[in-house]
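Asks: File entry_7.cif follows (mmCIF, C-alpha atoms):
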data_model
#
loop_
_atom_site.label_atom_id
_atom_site.label_comp_id
_atom_site.auth_asym_id
_atom_site.auth_seq_id
_atom_site.Cartn_x
_atom_site.Cartn_y
_atom_site.Cartn_z
CA MET A 1 63.06 183.30 -12.73
CA THR A 2 62.32 185.11 -15.96
CA MET A 3 61.62 182.91 -18.98
CA PRO A 4 61.97 184.06 -22.58
CA PRO A 5 58.91 184.16 -24.84
CA LEU A 6 57.65 180.63 -25.51
CA PHE A 7 58.85 178.99 -28.70
CA ALA A 8 56.61 176.83 -30.87
CA GLY A 9 55.58 173.88 -28.73
CA GLY A 10 56.79 175.78 -25.70
CA GLU A 11 54.14 174.47 -23.34
CA SER A 12 54.75 170.80 -24.11
CA VAL A 13 57.54 168.34 -24.79
CA GLN A 14 57.88 167.37 -28.45
CA ASP A 15 58.80 163.85 -29.66
CA ALA A 16 60.77 165.04 -32.71
CA TYR A 17 63.12 167.97 -33.01
CA LEU A 18 61.64 171.19 -34.37
CA PRO A 19 63.89 174.24 -34.75
CA LEU A 20 61.55 176.41 -32.71
CA ALA A 21 60.56 173.85 -30.07
CA LEU A 22 61.62 174.62 -26.53
CA ALA A 23 61.76 170.97 -25.40
CA THR A 24 62.30 167.74 -27.33
CA LEU A 25 62.31 164.20 -25.93
CA PHE A 26 63.32 161.81 -28.71
CA PRO A 27 62.00 158.24 -28.31
CA GLY A 28 65.15 156.42 -29.41
CA ASP A 29 68.92 156.39 -29.18
CA GLY A 30 71.15 159.44 -28.94
CA LEU A 31 72.89 158.92 -32.26
CA SER A 32 69.54 159.00 -34.09
CA LEU A 33 68.64 162.22 -32.32
CA LEU A 34 71.93 163.86 -33.32
CA CYS A 35 71.47 162.75 -36.93
CA SER A 36 68.13 164.59 -36.99
CA LEU A 37 69.66 167.92 -35.90
CA PRO A 38 70.87 170.60 -38.33
CA ASP A 39 74.55 171.41 -38.78
CA ARG A 40 75.98 173.86 -36.25
CA SER A 41 72.80 174.02 -34.18
CA VAL A 42 73.93 172.91 -30.69
CA ARG A 43 75.67 175.23 -28.24
CA LEU A 44 76.23 172.60 -25.53
CA LEU A 45 76.16 168.80 -25.53
CA LEU A 46 76.09 167.75 -21.89
CA THR A 47 75.62 164.12 -20.95
CA SER A 48 76.52 161.18 -18.75
CA PRO A 49 76.77 158.05 -20.91
CA PRO A 50 76.44 154.48 -19.60
CA TYR A 51 79.54 153.30 -17.73
CA ASN A 52 79.56 149.74 -19.14
CA VAL A 53 78.64 148.31 -15.74
CA GLY A 54 75.53 146.37 -16.76
CA LYS A 55 72.67 148.70 -15.81
CA ALA A 56 69.21 148.00 -17.24
CA TYR A 57 69.75 150.53 -20.05
CA GLU A 58 73.07 149.11 -21.33
CA ARG A 59 74.73 145.91 -22.45
CA ARG A 60 78.12 145.21 -20.92
CA SER A 61 80.95 144.58 -23.41
CA SER A 62 84.73 144.73 -23.66
CA LEU A 63 86.23 148.18 -23.09
CA ASP A 64 87.43 148.36 -26.69
CA ALA A 65 83.94 147.60 -28.03
CA TYR A 66 82.38 149.99 -25.51
CA LEU A 67 84.55 152.90 -26.64
CA GLU A 68 84.24 152.09 -30.34
CA ALA A 69 80.46 152.41 -30.09
CA PHE A 70 80.84 156.12 -29.24
CA VAL A 71 82.86 157.03 -32.34
CA PRO A 72 79.82 157.68 -34.62
CA LEU A 73 78.17 159.74 -31.87
CA ILE A 74 81.29 161.88 -31.44
CA ARG A 75 81.45 162.35 -35.21
CA GLU A 76 77.85 163.62 -35.25
CA THR A 77 78.57 165.83 -32.26
CA LEU A 78 81.26 167.62 -34.25
CA ARG A 79 78.77 168.22 -37.07
CA VAL A 80 75.98 169.69 -34.94
CA LEU A 81 78.13 171.71 -32.52
CA VAL A 82 78.42 175.43 -33.20
CA LEU A 83 81.90 176.91 -33.49
CA GLY A 84 82.81 177.92 -29.97
CA GLY A 85 80.37 175.37 -28.55
CA SER A 86 81.08 172.95 -25.74
CA VAL A 87 80.88 169.27 -24.84
CA CYS A 88 80.63 168.24 -21.18
CA TRP A 89 81.12 164.48 -20.76
CA GLN A 90 80.44 163.20 -17.24
CA VAL A 91 81.73 159.73 -16.35
CA GLY A 92 82.82 157.64 -13.42
CA SER A 93 84.88 154.47 -13.32
CA TYR A 94 84.59 151.02 -14.82
CA VAL A 95 85.38 148.28 -12.31
CA ASN A 96 86.27 144.75 -13.40
CA ALA A 97 87.62 142.02 -11.11
CA GLY A 98 88.61 144.63 -8.55
CA GLU A 99 90.50 146.83 -11.04
CA VAL A 100 89.32 150.43 -11.34
CA VAL A 101 89.52 152.06 -14.78
CA PRO A 102 88.80 155.84 -14.84
CA LEU A 103 86.67 156.25 -17.95
CA ASP A 104 87.56 159.90 -18.50
CA LEU A 105 91.13 158.85 -19.31
CA LEU A 106 89.81 156.56 -22.04
CA PHE A 107 87.41 159.12 -23.54
CA TYR A 108 89.92 161.98 -23.64
CA PRO A 109 91.85 160.75 -26.71
CA LEU A 110 88.59 160.09 -28.61
CA PHE A 111 87.49 163.70 -28.26
CA ARG A 112 90.99 165.11 -28.70
CA SER A 113 91.50 163.22 -31.97
CA ALA A 114 88.13 164.56 -33.16
CA GLY A 115 89.44 168.12 -32.88
CA LEU A 116 88.05 169.21 -29.52
CA THR A 117 90.16 170.97 -26.88
CA LEU A 118 89.96 170.12 -23.18
CA ARG A 119 89.39 173.22 -21.04
CA ASN A 120 88.75 171.65 -17.64
CA ARG A 121 88.58 168.29 -15.96
CA VAL A 122 86.00 169.00 -13.27
CA VAL A 123 85.98 166.65 -10.30
CA TRP A 124 82.50 166.11 -8.90
CA SER A 125 82.79 165.27 -5.20
CA ARG A 126 79.46 163.51 -4.75
CA GLU A 127 79.60 162.38 -1.09
CA GLY A 128 77.46 159.26 -1.55
CA GLY A 129 78.12 156.06 -3.44
CA LEU A 130 78.77 152.36 -3.09
CA HIS A 131 80.95 151.24 -0.20
CA ALA A 132 84.13 149.27 -0.86
CA SER A 133 85.84 146.78 1.42
CA ARG A 134 89.22 146.27 -0.28
CA ARG A 135 89.86 149.81 -1.49
CA PHE A 136 88.81 153.32 -0.48
CA SER A 137 85.14 154.00 -1.24
CA GLY A 138 84.76 155.98 -4.45
CA ARG A 139 83.20 159.38 -3.86
CA HIS A 140 84.02 161.35 -7.00
CA GLU A 141 83.41 161.35 -10.74
CA ALA A 142 84.74 163.56 -13.53
CA VAL A 143 83.35 165.92 -16.14
CA LEU A 144 85.49 166.61 -19.20
CA TRP A 145 84.75 170.04 -20.68
CA PHE A 146 85.82 170.35 -24.31
CA THR A 147 85.33 173.22 -26.76
CA LEU A 148 85.22 173.40 -30.53
CA GLY A 149 87.74 176.14 -31.25
CA ASP A 150 89.43 178.73 -29.06
CA ASP A 151 86.79 181.47 -29.37
CA TYR A 152 84.34 179.79 -27.00
CA LEU A 153 81.56 181.08 -24.76
CA PHE A 154 82.27 181.26 -21.03
CA ASN A 155 79.94 183.33 -18.85
CA LEU A 156 81.94 183.43 -15.62
CA ASP A 157 79.80 186.08 -13.96
CA ALA A 158 76.77 183.78 -14.17
CA VAL A 159 78.36 181.16 -11.93
CA ARG A 160 80.53 183.05 -9.46
CA VAL A 161 80.43 181.78 -5.88
CA PRO A 162 80.82 183.74 -2.62
CA GLN A 163 84.31 184.91 -1.72
CA LYS A 164 85.98 182.94 1.07
CA TYR A 165 87.03 186.24 2.69
CA PRO A 166 84.57 188.83 1.33
CA GLY A 167 85.97 191.66 3.45
CA LYS A 168 89.61 191.12 2.51
CA ARG A 169 91.49 194.25 1.43
CA ALA A 170 94.80 194.82 -0.34
CA TYR A 171 97.55 195.38 2.23
CA LYS A 172 100.06 197.12 -0.06
CA GLY A 173 100.53 198.68 -3.47
CA ALA A 174 98.40 201.11 -5.44
CA LYS A 175 95.18 199.44 -4.24
CA LEU A 176 96.09 199.55 -0.56
CA GLY A 177 92.95 199.34 1.56
CA GLU A 178 90.64 198.47 -1.33
CA TYR A 179 88.64 195.25 -1.47
CA SER A 180 90.79 192.66 -3.22
CA GLY A 181 88.08 190.19 -4.28
CA HIS A 182 85.71 190.48 -7.23
CA PRO A 183 82.45 192.09 -6.00
CA GLY A 184 80.40 189.42 -7.77
CA GLY A 185 82.21 186.54 -6.10
CA LYS A 186 85.04 184.24 -7.10
CA ASN A 187 85.54 181.78 -9.92
CA PRO A 188 84.48 178.28 -8.83
CA SER A 189 87.31 175.79 -8.62
CA ASP A 190 87.44 172.62 -10.69
CA VAL A 191 86.36 170.54 -7.67
CA TRP A 192 82.60 170.74 -7.10
CA ASP A 193 81.07 169.53 -3.84
CA ILE A 194 77.50 168.64 -4.81
CA PRO A 195 75.51 165.92 -2.99
CA ALA A 196 74.56 162.91 -5.09
CA VAL A 197 70.88 162.09 -5.56
CA GLY A 198 70.49 159.47 -2.87
CA ALA A 199 67.35 158.22 -1.15
CA ASN A 200 66.97 161.35 1.01
CA HIS A 201 67.54 163.89 -1.79
CA PRO A 202 64.56 166.12 -2.70
CA GLU A 203 65.08 165.44 -6.44
CA ARG A 204 65.08 161.66 -6.05
CA THR A 205 63.07 159.77 -8.70
CA GLY A 206 64.38 156.21 -8.49
CA HIS A 207 66.51 156.33 -11.65
CA PRO A 208 69.72 154.42 -10.76
CA ALA A 209 72.10 157.00 -12.27
CA GLN A 210 70.37 160.33 -11.73
CA PHE A 211 72.56 163.34 -11.14
CA PRO A 212 71.47 166.52 -9.33
CA VAL A 213 70.21 169.54 -11.27
CA GLU A 214 72.96 171.68 -9.76
CA LEU A 215 75.65 169.76 -11.66
CA PRO A 216 74.49 170.50 -15.24
CA GLU A 217 73.07 173.86 -14.15
CA ARG A 218 76.50 175.40 -13.65
CA PHE A 219 77.57 174.32 -17.14
CA VAL A 220 74.32 175.54 -18.68
CA LEU A 221 74.70 178.97 -17.12
CA SER A 222 78.39 179.38 -17.95
CA LEU A 223 78.55 177.82 -21.42
CA THR A 224 75.26 178.92 -23.02
CA ASN A 225 73.02 181.95 -23.44
CA PRO A 226 69.20 182.09 -23.18
CA GLY A 227 67.63 180.51 -26.26
CA ASP A 228 70.64 178.28 -27.00
CA LEU A 229 70.13 174.57 -27.64
CA VAL A 230 71.39 172.11 -25.02
CA VAL A 231 71.45 168.42 -26.02
CA ASP A 232 71.75 165.24 -23.96
CA PRO A 233 71.90 162.03 -26.05
CA PHE A 234 71.58 159.87 -22.90
CA LEU A 235 68.81 161.77 -21.16
CA GLY A 236 67.78 159.26 -18.48
CA SER A 237 65.63 161.03 -15.90
CA GLY A 238 65.83 164.33 -17.82
CA THR A 239 68.10 166.31 -15.50
CA THR A 240 70.17 168.04 -18.20
CA ALA A 241 67.05 169.13 -20.07
CA CYS A 242 65.46 170.37 -16.84
CA ALA A 243 68.52 172.49 -16.00
CA ALA A 244 68.37 174.03 -19.47
CA LEU A 245 64.62 174.70 -19.43
CA LEU A 246 64.71 176.23 -15.95
CA HIS A 247 67.08 178.88 -17.32
CA GLY A 248 65.41 179.73 -20.61
CA ARG A 249 67.48 177.50 -22.88
CA ARG A 250 66.08 175.02 -25.39
CA ALA A 251 66.60 171.34 -24.64
CA ALA A 252 66.67 168.14 -26.67
CA GLY A 253 67.38 164.67 -25.34
CA ALA A 254 67.03 161.01 -26.29
CA GLU A 255 66.00 158.08 -24.13
CA ILE A 256 65.47 154.49 -25.28
CA LEU A 257 63.50 153.10 -22.30
CA PRO A 258 59.79 154.04 -22.19
CA GLY A 259 59.67 154.14 -18.39
CA TYR A 260 62.51 156.61 -18.14
CA ARG A 261 61.05 158.64 -21.03
CA ASP A 262 57.82 159.00 -19.04
CA LEU A 263 59.83 160.12 -16.04
CA ALA A 264 61.88 162.61 -18.07
CA ARG A 265 58.76 163.96 -19.79
CA ARG A 266 57.09 164.62 -16.45
CA ARG A 267 60.13 166.41 -15.06
CA MET A 268 60.70 168.42 -18.25
CA THR A 269 57.05 169.50 -18.22
CA GLU A 270 57.40 170.61 -14.61
CA ALA A 271 60.54 172.55 -15.55
CA LEU A 272 58.72 174.22 -18.46
CA HIS A 273 56.07 175.44 -16.05
CA GLY A 274 58.51 176.39 -13.30
CA VAL A 275 57.27 173.88 -10.73
CA LEU A 276 60.08 171.31 -10.75
CA ARG A 277 61.35 170.67 -7.24
CA VAL A 278 65.13 171.11 -7.01
CA ARG A 279 67.65 171.30 -4.24
CA GLU A 280 68.94 174.86 -4.11
CA SER A 281 72.70 175.22 -3.98
CA GLY A 282 74.02 175.35 -0.43
CA THR A 283 70.92 173.95 1.24
CA ALA A 284 70.74 170.75 3.22
CA VAL A 285 69.48 167.57 1.60
CA ALA A 286 65.84 166.97 2.59
CA ASP A 287 64.83 164.50 5.26
CA PRO A 288 63.88 161.08 3.75
CA GLN A 289 60.21 161.42 4.81
CA ASP A 290 59.94 164.68 2.87
CA SER A 291 61.50 163.40 -0.35
CA PRO A 292 58.98 162.95 -3.18
CA GLY A 293 59.38 160.00 -5.49
CA ARG A 294 61.28 157.83 -3.03
CA GLY A 295 60.82 154.23 -4.03
CA GLU A 296 59.73 154.98 -7.61
CA ARG A 297 61.09 152.80 -10.37
CA ALA A 298 60.71 152.86 -14.09
CA PRO A 299 58.47 150.01 -15.32
CA GLY A 300 60.44 146.78 -15.43
CA GLU A 301 63.28 148.01 -13.21
CA THR A 302 64.23 145.68 -10.36
CA GLY A 303 66.78 145.66 -7.60
CA PRO A 304 67.39 147.83 -4.55
CA LEU A 305 67.38 151.61 -4.62
CA PHE A 306 70.51 153.32 -3.40
#
Using structure tokens, write down the structure from this file.
Replies:
Amino acid sequence: MTMPPLFAGGESVQDAYLPLALATLFPGDGLSLLCSLPDRSVRLLLTSPPYNVGKAYERRSSLDAYLEAFVPLIRETLRVLVLGGSVCWQVGSYVNAGEVVPLDLLFYPLFRSAGLTLRNRVVWSREGGLHASRRFSGRHEAVLWFTLGDDYLFNLDAVRVPQKYPGKRAYKGAKLGEYSGHPGGKNPSDVWDIPAVGANHPERTGHPAQFPVELPERFVLSLTNPGDLVVDPFLGSGTTACAALLHGRRAAGAEILPGYRDLARRRMTEALHGVLRVRESGTAVADPQDSPGRGERAPGETGPLF
């Protein structure tokens, strides 16, 4: 993988945003990070916010209060996003007293009223998850892809996937006998089958809500160019930043918990130096004995790993 020339601070992860820094890990909340960024400086904001389910990094509240807390962050997102830039908002469901509330349905009007346009609702088929006994076990989450304006960046050729029938030829018309599929592959659908980071996944760190590098990677490649700034205001284990850094983009993220910051810093540093272990697309998930980091927890985290 070819990396662009190192920016200032390119060999290390910075604590505060610098325009020329390749990697920034802000020790605080995501809104504070966004407030420190210049106008029209972010090509892609890609994140997975807390789901209001009572994890160690969030405080459970009413749904109305939960959604209201995101309004200032969305306002700042509109300020820092470049024209033609994108927001990818990955969420699951909120479950209360057995009732399932799909959070993407609640977030959509917040972003739409802010002036963003929905381009895709990507369904992430994640295979693993918690088992249910009185409903079907949930095995998918959603990513809402919004853009600021209609003249937006979309690098389809960077994310094409193999044709289902690569040797198929046109059977009639002016192109009779010619290959009918694009030589570079087909456009991925809006349903992505990507294994979740469970206990036997090679990227496993112990963070309770870690998503695989392959999920943000496809958005990074299709919605940004090398050198663009990718921001995650809820960085967690650092996956979004790692996907950006592995492909020559700049990355900035915020994390409030010191233990998870340490974890994200380590992974971002490994990505900067090209040694981060990732599951390559299409390969099998590693055997549990071969998975590094199994059993790790951020300081102060308790409870079983999944």
Asks: Starting from the PyMOL selection byres ((chain A and resi 274) around 12), expand the selection into actual residues of this file and give them as a ChimeraX atom specification.
Replies: /A:1-3,11,242-248,267-273,275-278
Asks: Can you list, as a VMD selection string, the residues that the PyMOL selection byres ((chain A and resi 35-39) around 8) selects here?
Replies: chain A and resid 17 31 to 34 40 to 41 76 79 to 82
Asks: Please write the residues from the selection above to a file, keeping C-alpha atoms, as a PDB file, in the frame of the given file.
Replies:
ATOM      1  CA  TYR A  17      63.120 167.970 -33.010  1.00  0.00           C
ATOM      2  CA  LEU A  31      72.890 158.920 -32.260  1.00  0.00           C
ATOM      3  CA  SER A  32      69.540 159.000 -34.090  1.00  0.00           C
ATOM      4  CA  LEU A  33      68.640 162.220 -32.320  1.00  0.00           C
ATOM      5  CA  LEU A  34      71.930 163.860 -33.320  1.00  0.00           C
ATOM      6  CA  ARG A  40      75.980 173.860 -36.250  1.00  0.00           C
ATOM      7  CA  SER A  41      72.800 174.020 -34.180  1.00  0.00           C
ATOM      8  CA  GLU A  76      77.850 163.620 -35.250  1.00  0.00           C
ATOM      9  CA  ARG A  79      78.770 168.220 -37.070  1.00  0.00           C
ATOM     10  CA  VAL A  80      75.980 169.690 -34.940  1.00  0.00           C
ATOM     11  CA  LEU A  81      78.130 171.710 -32.520  1.00  0.00           C
ATOM     12  CA  VAL A  82      78.420 175.430 -33.200  1.00  0.00           C
TER      13      VAL A  82
END
Asks: So which residues touch A:Phe234 within 9 Å, counting all atoms listed in the file, skipping near sequence neighbours fewer than 3 positions away, as a VMD selection string?
Replies: chain A and resid 29 to 30 47 to 50 238 253 to 256
Asks: In Å, rounded to a single decimal, give me how far atom CA of A:Ala114 is from atom CA of A:Pro72.
Replies: 10.9 Å
Asks: Name the residues, using the chain letters and numbers of the file, that sit within 9 Å of (88.1, 156.6, -20.2) when counting all atoms listed in the file, and give them as a list in words.
Replies: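 Final list of nearby residues, as requested, is Leu67, Val91, Gly92, Ser93, Tyr94, Val101, Pro102, Leu103, Asp104, Leu105, Leu106, Phe107, Tyr108 and Pro109 of chain A.
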Asks: So that I can look at just that part, could you write stretch 54-90 of chain A with N, CA and C atoms, as a PDB file, in the first residue's frame?
Replies:
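Once written, part-v4.pdb looks like this:
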ATOM      1  N   GLY A  54     -26.808   1.998  27.777  1.00  0.00           N
ATOM      2  CA  GLY A  54     -26.191   1.903  29.088  1.00  0.00           C
ATOM      3  C   GLY A  54     -24.796   1.322  29.115  1.00  0.00           C
ATOM      4  N   LYS A  55     -24.042   1.432  28.009  1.00  0.00           N
ATOM      5  CA  LYS A  55     -22.644   0.985  28.022  1.00  0.00           C
ATOM      6  C   LYS A  55     -21.828   1.885  28.943  1.00  0.00           C
ATOM      7  N   ALA A  56     -20.585   1.468  29.207  1.00  0.00           N
ATOM      8  CA  ALA A  56     -19.736   2.196  30.159  1.00  0.00           C
ATOM      9  C   ALA A  56     -19.462   3.625  29.725  1.00  0.00           C
ATOM     10  N   TYR A  57     -19.525   3.889  28.415  1.00  0.00           N
ATOM     11  CA  TYR A  57     -19.168   5.207  27.885  1.00  0.00           C
ATOM     12  C   TYR A  57     -20.390   6.109  27.667  1.00  0.00           C
ATOM     13  N   GLU A  58     -21.567   5.724  28.174  1.00  0.00           N
ATOM     14  CA  GLU A  58     -22.763   6.536  27.965  1.00  0.00           C
ATOM     15  C   GLU A  58     -23.658   6.499  29.188  1.00  0.00           C
ATOM     16  N   ARG A  59     -24.547   7.452  29.262  1.00  0.00           N
ATOM     17  CA  ARG A  59     -25.550   7.500  30.318  1.00  0.00           C
ATOM     18  C   ARG A  59     -26.928   7.377  29.689  1.00  0.00           C
ATOM     19  N   ARG A  60     -27.654   6.348  30.073  1.00  0.00           N
ATOM     20  CA  ARG A  60     -28.961   6.089  29.476  1.00  0.00           C
ATOM     21  C   ARG A  60     -29.955   7.185  29.858  1.00  0.00           C
ATOM     22  N   SER A  61     -30.781   7.606  28.894  1.00  0.00           N
ATOM     23  CA  SER A  61     -31.768   8.661  29.136  1.00  0.00           C
ATOM     24  C   SER A  61     -33.004   8.375  28.299  1.00  0.00           C
ATOM     25  N   SER A  62     -33.986   9.263  28.372  1.00  0.00           N
ATOM     26  CA  SER A  62     -35.158   9.112  27.514  1.00  0.00           C
ATOM     27  C   SER A  62     -34.731   9.296  26.059  1.00  0.00           C
ATOM     28  N   LEU A  63     -35.501   8.744  25.137  1.00  0.00           N
ATOM     29  CA  LEU A  63     -35.156   8.870  23.721  1.00  0.00           C
ATOM     30  C   LEU A  63     -35.146  10.320  23.266  1.00  0.00           C
ATOM     31  N   ASP A  64     -36.087  11.115  23.771  1.00  0.00           N
ATOM     32  CA  ASP A  64     -36.125  12.530  23.390  1.00  0.00           C
ATOM     33  C   ASP A  64     -34.853  13.249  23.829  1.00  0.00           C
ATOM     34  N   ALA A  65     -34.431  13.003  25.085  1.00  0.00           N
ATOM     35  CA  ALA A  65     -33.215  13.640  25.592  1.00  0.00           C
ATOM     36  C   ALA A  65     -31.983  13.119  24.854  1.00  0.00           C
ATOM     37  N   TYR A  66     -31.981  11.839  24.552  1.00  0.00           N
ATOM     38  CA  TYR A  66     -30.868  11.224  23.816  1.00  0.00           C
ATOM     39  C   TYR A  66     -30.677  11.893  22.458  1.00  0.00           C
ATOM     40  N   LEU A  67     -31.764  12.066  21.718  1.00  0.00           N
ATOM     41  CA  LEU A  67     -31.673  12.672  20.389  1.00  0.00           C
ATOM     42  C   LEU A  67     -31.341  14.155  20.466  1.00  0.00           C
ATOM     43  N   GLU A  68     -31.906  14.850  21.432  1.00  0.00           N
ATOM     44  CA  GLU A  68     -31.658  16.282  21.578  1.00  0.00           C
ATOM     45  C   GLU A  68     -30.186  16.573  21.805  1.00  0.00           C
ATOM     46  N   ALA A  69     -29.490  15.658  22.474  1.00  0.00           N
ATOM     47  CA  ALA A  69     -28.066  15.869  22.766  1.00  0.00           C
ATOM     48  C   ALA A  69     -27.213  15.890  21.508  1.00  0.00           C
ATOM     49  N   PHE A  70     -27.719  15.352  20.398  1.00  0.00           N
ATOM     50  CA  PHE A  70     -26.942  15.314  19.154  1.00  0.00           C
ATOM     51  C   PHE A  70     -27.134  16.571  18.309  1.00  0.00           C
ATOM     52  N   VAL A  71     -28.088  17.401  18.626  1.00  0.00           N
ATOM     53  CA  VAL A  71     -28.376  18.575  17.797  1.00  0.00           C
ATOM     54  C   VAL A  71     -27.172  19.511  17.665  1.00  0.00           C
ATOM     55  N   PRO A  72     -26.477  19.872  18.772  1.00  0.00           N
ATOM     56  CA  PRO A  72     -25.294  20.735  18.614  1.00  0.00           C
ATOM     57  C   PRO A  72     -24.196  20.080  17.778  1.00  0.00           C
ATOM     58  N   LEU A  73     -24.033  18.771  17.920  1.00  0.00           N
ATOM     59  CA  LEU A  73     -23.003  18.070  17.148  1.00  0.00           C
ATOM     60  C   LEU A  73     -23.337  18.101  15.659  1.00  0.00           C
ATOM     61  N   ILE A  74     -24.596  17.899  15.318  1.00  0.00           N
ATOM     62  CA  ILE A  74     -25.001  17.950  13.913  1.00  0.00           C
ATOM     63  C   ILE A  74     -24.817  19.353  13.360  1.00  0.00           C
ATOM     64  N   ARG A  75     -25.099  20.360  14.173  1.00  0.00           N
ATOM     65  CA  ARG A  75     -24.905  21.749  13.743  1.00  0.00           C
ATOM     66  C   ARG A  75     -23.432  22.005  13.420  1.00  0.00           C
ATOM     67  N   GLU A  76     -22.530  21.530  14.274  1.00  0.00           N
ATOM     68  CA  GLU A  76     -21.100  21.708  14.027  1.00  0.00           C
ATOM     69  C   GLU A  76     -20.636  20.893  12.820  1.00  0.00           C
ATOM     70  N   THR A  77     -21.248  19.746  12.630  1.00  0.00           N
ATOM     71  CA  THR A  77     -20.911  18.925  11.465  1.00  0.00           C
ATOM     72  C   THR A  77     -21.183  19.685  10.174  1.00  0.00           C
ATOM     73  N   LEU A  78     -22.303  20.387  10.119  1.00  0.00           N
ATOM     74  CA  LEU A  78     -22.633  21.178   8.931  1.00  0.00           C
ATOM     75  C   LEU A  78     -21.618  22.285   8.693  1.00  0.00           C
ATOM     76  N   ARG A  79     -21.055  22.822   9.758  1.00  0.00           N
ATOM     77  CA  ARG A  79     -20.065  23.904   9.625  1.00  0.00           C
ATOM     78  C   ARG A  79     -18.735  23.387   9.086  1.00  0.00           C
ATOM     79  N   VAL A  80     -18.289  22.231   9.571  1.00  0.00           N
ATOM     80  CA  VAL A  80     -16.951  21.752   9.209  1.00  0.00           C
ATOM     81  C   VAL A  80     -16.943  20.931   7.914  1.00  0.00           C
ATOM     82  N   LEU A  81     -18.095  20.451   7.485  1.00  0.00           N
ATOM     83  CA  LEU A  81     -18.145  19.596   6.298  1.00  0.00           C
ATOM     84  C   LEU A  81     -17.933  20.413   5.030  1.00  0.00           C
ATOM     85  N   VAL A  82     -17.104  19.895   4.125  1.00  0.00           N
ATOM     86  CA  VAL A  82     -16.910  20.565   2.845  1.00  0.00           C
ATOM     87  C   VAL A  82     -18.164  20.392   1.995  1.00  0.00           C
ATOM     88  N   LEU A  83     -18.397  21.315   1.069  1.00  0.00           N
ATOM     89  CA  LEU A  83     -19.494  21.138   0.129  1.00  0.00           C
ATOM     90  C   LEU A  83     -19.223  19.896  -0.716  1.00  0.00           C
ATOM     91  N   GLY A  84     -20.191  19.022  -0.781  1.00  0.00           N
ATOM     92  CA  GLY A  84     -19.982  17.748  -1.462  1.00  0.00           C
ATOM     93  C   GLY A  84     -19.443  16.675  -0.539  1.00  0.00           C
ATOM     94  N   GLY A  85     -19.261  17.003   0.738  1.00  0.00           N
ATOM     95  CA  GLY A  85     -18.789  16.027   1.710  1.00  0.00           C
ATOM     96  C   GLY A  85     -19.900  15.107   2.185  1.00  0.00           C
ATOM     97  N   SER A  86     -19.523  14.117   2.986  1.00  0.00           N
ATOM     98  CA  SER A  86     -20.460  13.080   3.393  1.00  0.00           C
ATOM     99  C   SER A  86     -20.465  12.859   4.896  1.00  0.00           C
ATOM    100  N   VAL A  87     -21.606  12.377   5.377  1.00  0.00           N
ATOM    101  CA  VAL A  87     -21.763  11.906   6.750  1.00  0.00           C
ATOM    102  C   VAL A  87     -22.252  10.467   6.683  1.00  0.00           C
ATOM    103  N   CYS A  88     -21.567   9.560   7.371  1.00  0.00           N
ATOM    104  CA  CYS A  88     -22.002   8.171   7.478  1.00  0.00           C
ATOM    105  C   CYS A  88     -22.255   7.879   8.952  1.00  0.00           C
ATOM    106  N   TRP A  89     -23.501   7.600   9.284  1.00  0.00           N
ATOM    107  CA  TRP A  89     -23.965   7.495  10.671  1.00  0.00           C
ATOM    108  C   TRP A  89     -24.435   6.065  10.901  1.00  0.00           C
ATOM    109  N   GLN A  90     -23.631   5.284  11.617  1.00  0.00           N
ATOM    110  CA  GLN A  90     -23.919   3.862  11.806  1.00  0.00           C
ATOM    111  C   GLN A  90     -24.564   3.624  13.165  1.00  0.00           C
TER     112      GLN A  90
END
